[in-house]
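A.B. asks: The structure that follows is given in the form of structure tokens.
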Amino acid sequence: MKDLPRWVWPLALTTTILAMLPLVLIVRARLVPSTQPRIHLIQDMDSQPKYKPQAGSPLFADGRAMRPPVAGTVEHTAIVDNPALTTGRVGERWVDTLPVTADDAVMVRGRQRYEITCAPCHGVSGNGDGPVSKRAETLAEGTWAPPSSLHTDQSRGLALGQIYDTISRVVRNMPSYGAQIGVHDRWAIVAHVRALQRSQHATLAGIPPAEGANLKQGSK
Ligand code: HEC
């Protein structure tokens, strides 16, 4: 051993490390997940000429590869020619009857959607005391516009179409929910808001006689 030249040891070490490299690569290839095939000799149509979003193209006069929709294009689910349903008004007049049937399914849906979207601000019972509003008042940053109570004379005086419009578009300090809530869900919410309002201002006259007879003495 003593006679071996000094360079033998570094050489042996380097060779040993290099000899282990393929093993390490194989183990790595087996353990590390990848979305790419390991060996990808045939490219199929993976690389092909195409325009990417926002790219330019000399093919069109305006130089844009992305083409704007043809004028008059409507979404395939768009509701056309039904302004009462889609805008809540006919001409200048607000709609005050529901343009959808308020059956049980619609009422249940309206309550559920109201509780998801509106209750954080307006509160589950519509008093304008939702958790987001309460929290904002605690923080007292001075920027919070308190949501209306839906039981004021002003809110109760709104035509159904106006409540629909309030949801669809911005009203003073309330943001629009038109982008988040579809037309039919908006009407379901409107029906629920009206039901909430009636629940807080119920009179005997509004109750069917058969039901009224069952009411306990003392209720008004
Ligand atoms: C981010 C909080 C917030 C949410 C969520 C919210 N509102 Fe409001 N809402 C307000 C505020 C604030 C006002 C008062 C606007 C004003 O007077 O400046 C208001 C006002 C209203 C009014 C009265 C409008 C009027 O003309 O008097 C109605 C009705 C109403 N909201 C319904 C809804 C319904 C239905 C939803 C759910 C789709 C909803 N709001 C969701 C904050 C909210």
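Each chain of the structure tokens is named A, B, ... in the order shown, its residues numbered from 1; ligands are numbered from 1 in display order.
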Distance table requested - chain A against ligand 1, cut-off 9 Å, only C-alpha atoms and all ligand atoms: one row per qualifying residue with the closest atom pair and its distance in Å to one decimal, ordered by chain and rising residue number, as CSV.

C.D. replies:
residue,atom,partner,partner_atom_place_in_ligand_line,distance
A:Arg113,CA,ligand 1,38 (C),7.6
A:Tyr114,CA,ligand 1,37 (C),5.6
A:Glu115,CA,ligand 1,37 (C),8.1
A:Ile116,CA,ligand 1,37 (C),8.1
A:Thr117,CA,ligand 1,37 (C),4.9
A:Cys118,CA,ligand 1,37 (C),3.4
A:Ala119,CA,ligand 1,5 (C),6.7
A:Pro120,CA,ligand 1,5 (C),5.8
A:Cys121,CA,ligand 1,2 (C),4.4
A:His122,CA,ligand 1,7 (N),6.1
A:Gly126,CA,ligand 1,32 (C),8.8
A:Gly128,CA,ligand 1,10 (C),8.1
A:Gly130,CA,ligand 1,2 (C),8.7
A:Val132,CA,ligand 1,2 (C),7.5
A:Ser133,CA,ligand 1,2 (C),7.4
A:Trp144,CA,ligand 1,12 (C),7.8
A:Ala145,CA,ligand 1,12 (C),4.9
A:Pro146,CA,ligand 1,12 (C),5.0
A:Pro147,CA,ligand 1,11 (C),3.5
A:Ser148,CA,ligand 1,14 (C),4.8
A:Ser149,CA,ligand 1,22 (C),7.6
A:Leu150,CA,ligand 1,29 (C),6.1
A:Thr152,CA,ligand 1,27 (O),8.8
A:Gln154,CA,ligand 1,27 (O),6.1
A:Ser155,CA,ligand 1,27 (O),5.1
A:Arg156,CA,ligand 1,29 (C),8.3
A:Gly157,CA,ligand 1,27 (O),8.8
A:Leu158,CA,ligand 1,26 (O),7.0
A:Gln162,CA,ligand 1,26 (O),7.3
A:Ile163,CA,ligand 1,29 (C),4.8
A:Tyr164,CA,ligand 1,35 (C),7.5
A:Asp165,CA,ligand 1,29 (C),8.8
A:Thr166,CA,ligand 1,28 (C),6.0
A:Ile167,CA,ligand 1,38 (C),5.1
A:Ser168,CA,ligand 1,38 (C),8.2
A:Val170,CA,ligand 1,15 (C),8.8
A:Val171,CA,ligand 1,15 (C),5.9
A:Arg172,CA,ligand 1,18 (O),4.1
A:Asn173,CA,ligand 1,18 (O),3.7
A:Met174,CA,ligand 1,10 (C),4.1
A:Pro175,CA,ligand 1,1 (C),6.5
A:Ser176,CA,ligand 1,41 (C),8.2
A:Tyr177,CA,ligand 1,38 (C),6.0
A:Gly178,CA,ligand 1,38 (C),8.6
A:Ile181,CA,ligand 1,38 (C),7.6
A:Arg186,CA,ligand 1,38 (C),7.0
A:Ile189,CA,ligand 1,35 (C),6.0
A:Val190,CA,ligand 1,35 (C),6.2
A:His192,CA,ligand 1,35 (C),8.5
A:Val193,CA,ligand 1,35 (C),6.4

A.B. asks: Write out as a ChimeraX atom specification the set of residues from region 52-175 of chain A that DSSP, computed on the backbone, places in strand (DSSP E or B).

C.D. replies: /A:56,64,89-90,93-94,171,174

A.B. asks: Give me a file of those residues, with N, CA, C and O atoms, as a PDB file, in the first residue's frame.

C.D. replies:
ATOM      1  N   GLY A  56     -49.988  39.492 -31.094  1.00  0.00           N
ATOM      2  CA  GLY A  56     -50.297  40.275 -32.286  1.00  0.00           C
ATOM      3  C   GLY A  56     -50.357  39.373 -33.514  1.00  0.00           C
ATOM      4  O   GLY A  56     -49.846  38.252 -33.501  1.00  0.00           O
ATOM      5  N   ARG A  64     -54.530  42.613 -34.012  1.00  0.00           N
ATOM      6  CA  ARG A  64     -54.775  41.756 -32.847  1.00  0.00           C
ATOM      7  C   ARG A  64     -55.065  40.330 -33.301  1.00  0.00           C
ATOM      8  O   ARG A  64     -55.864  40.128 -34.225  1.00  0.00           O
ATOM      9  N   ARG A  89     -87.788  46.437 -15.102  1.00  0.00           N
ATOM     10  CA  ARG A  89     -88.694  47.525 -15.488  1.00  0.00           C
ATOM     11  C   ARG A  89     -89.173  47.330 -16.919  1.00  0.00           C
ATOM     12  O   ARG A  89     -88.514  46.686 -17.727  1.00  0.00           O
ATOM     13  N   VAL A  90     -90.361  47.904 -17.176  1.00  0.00           N
ATOM     14  CA  VAL A  90     -90.885  47.904 -18.531  1.00  0.00           C
ATOM     15  C   VAL A  90     -91.005  49.367 -18.916  1.00  0.00           C
ATOM     16  O   VAL A  90     -91.750  50.105 -18.283  1.00  0.00           O
ATOM     17  N   ARG A  93     -91.454  52.174 -16.152  1.00  0.00           N
ATOM     18  CA  ARG A  93     -92.213  51.703 -14.992  1.00  0.00           C
ATOM     19  C   ARG A  93     -91.536  50.495 -14.329  1.00  0.00           C
ATOM     20  O   ARG A  93     -91.160  49.540 -15.014  1.00  0.00           O
ATOM     21  N   TRP A  94     -91.371  50.568 -12.982  1.00  0.00           N
ATOM     22  CA  TRP A  94     -90.815  49.415 -12.267  1.00  0.00           C
ATOM     23  C   TRP A  94     -91.836  48.300 -12.218  1.00  0.00           C
ATOM     24  O   TRP A  94     -93.018  48.554 -11.998  1.00  0.00           O
ATOM     25  N   VAL A 171     -76.050  50.721  -6.038  1.00  0.00           N
ATOM     26  CA  VAL A 171     -76.974  51.732  -5.557  1.00  0.00           C
ATOM     27  C   VAL A 171     -76.274  52.509  -4.436  1.00  0.00           C
ATOM     28  O   VAL A 171     -75.936  51.938  -3.401  1.00  0.00           O
ATOM     29  N   MET A 174     -73.995  50.699  -1.996  1.00  0.00           N
ATOM     30  CA  MET A 174     -74.033  49.234  -2.074  1.00  0.00           C
ATOM     31  C   MET A 174     -73.468  48.769  -3.405  1.00  0.00           C
ATOM     32  O   MET A 174     -73.887  49.246  -4.450  1.00  0.00           O
TER      33      MET A 174
END

A.B. asks: Find the spatial neighbours of Leu85 (chain A), counting only C-alpha atoms, within a cut-off of 8 Å - ignore same-chain residues fewer than 6 positions away - and output them as a PyMOL selection string.

C.D. replies: chain A and resi 99-100+183

A.B. asks: Using DSSP on the backbone coordinates, identify the residues of region 22-140 of chain A assigned to alpha helix (DSSP H); present them as a ChimeraX atom specification.

C.D. replies: /A:22-31,83-87,104-113,119-122,131-139

A.B. asks: What is the distance, in Å and to one decimal place, between CA of Ala61 (chain A) and CA of Glu75 (chain A)?

C.D. replies: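 These atoms are spaced 26.1 Å apart.
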
A.B. asks: Mind checking which residues fall within 12 Å of Asp104 (chain A), counting only C-alpha atoms, ignoring those fewer than 4 positions away in the same chain, and posting them as a ChimeraX atom specification?

C.D. replies: /A:108-111,188,191-192

A.B. asks: I'd like the contact shell of Gln200 (chain A) - 9 Å cut-off, only C-alpha atoms, skipping same-chain residues fewer than 4 positions apart - returned as a list in words.

C.D. replies: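 Close residues of Gln200 (chain A): Ser125, His151, Ala195 and Leu196 of chain A.
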
A.B. asks: Okay, now the selection with all heavy atoms, as a tab-separated table (two decimals), in the first residue's frame?

C.D. replies:
chain	number	residue	atom	x	y	z
A	125	SER	N	-82.20	38.65	9.36
A	125	SER	CA	-83.58	39.11	9.37
A	125	SER	C	-83.74	40.47	8.70
A	125	SER	O	-84.82	41.05	8.73
A	125	SER	CB	-84.13	39.11	10.80
A	125	SER	OG	-83.20	39.71	11.65
A	151	HIS	N	-86.42	46.95	6.58
A	151	HIS	CA	-87.76	47.11	7.14
A	151	HIS	C	-88.18	48.56	7.30
A	151	HIS	O	-89.20	48.84	7.91
A	151	HIS	CB	-87.84	46.37	8.48
A	151	HIS	CG	-87.46	44.93	8.35
A	151	HIS	ND1	-88.12	44.07	7.50
A	151	HIS	CD2	-86.46	44.21	8.91
A	151	HIS	CE1	-87.56	42.87	7.56
A	151	HIS	NE2	-86.55	42.93	8.40
A	195	ALA	N	-90.67	38.67	1.39
A	195	ALA	CA	-91.22	37.81	2.45
A	195	ALA	C	-90.70	38.26	3.82
A	195	ALA	O	-91.45	38.32	4.80
A	195	ALA	CB	-90.85	36.35	2.18
A	196	LEU	N	-89.40	38.60	3.88
A	196	LEU	CA	-88.82	39.10	5.14
A	196	LEU	C	-89.55	40.35	5.59
A	196	LEU	O	-89.89	40.50	6.77
A	196	LEU	CB	-87.35	39.49	4.91
A	196	LEU	CG	-86.26	38.47	5.12
A	196	LEU	CD1	-84.91	39.14	4.96
A	196	LEU	CD2	-86.36	37.84	6.51

A.B. asks: When you draw a straight line from CA of Gln54 (chain A) to CA of Gly72 (chain A), how long is it in Å?

C.D. replies: 22.8 Å

A.B. asks: What is the distance between CA of His201 (chain A) and CA of Val124 (chain A), in Å to one decimal?

C.D. replies: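 The value is 16.2 Å.
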
A.B. asks: So, with only C-alpha atoms as the atoms that count, which of A:Ala105, A:Thr16, A:Lys52, A:Pro68 lies closest to Asp185 (chain A)?

C.D. replies: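 Checking each of A:Ala105, A:Thr16, A:Lys52, A:Pro68 against Asp185 (chain A), counting only C-alpha atoms, the winner is A:Ala105.
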
A.B. asks: List the neighbours of Asp96 (chain A) out to 7 Å using only C-alpha atoms; skip same-chain residues closer than 3 positions along the sequence, and give me the result as a list in words.

C.D. replies: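 The residues that qualify are Ala159, Leu160 and Gly161 of chain A.
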
A.B. asks: Hey, can you spit out that residue selection with C-alpha atoms as a compact mmCIF listing (two decimals), in the first residue's frame?

C.D. replies:
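Result written to again_24.txt:
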# COMPACT_ATOMS: atom_id res chain seq x y z
CA ALA A 159 -91.14 48.09 -6.08
CA LEU A 160 -89.95 44.51 -6.67
CA GLY A 161 -88.22 45.74 -9.81
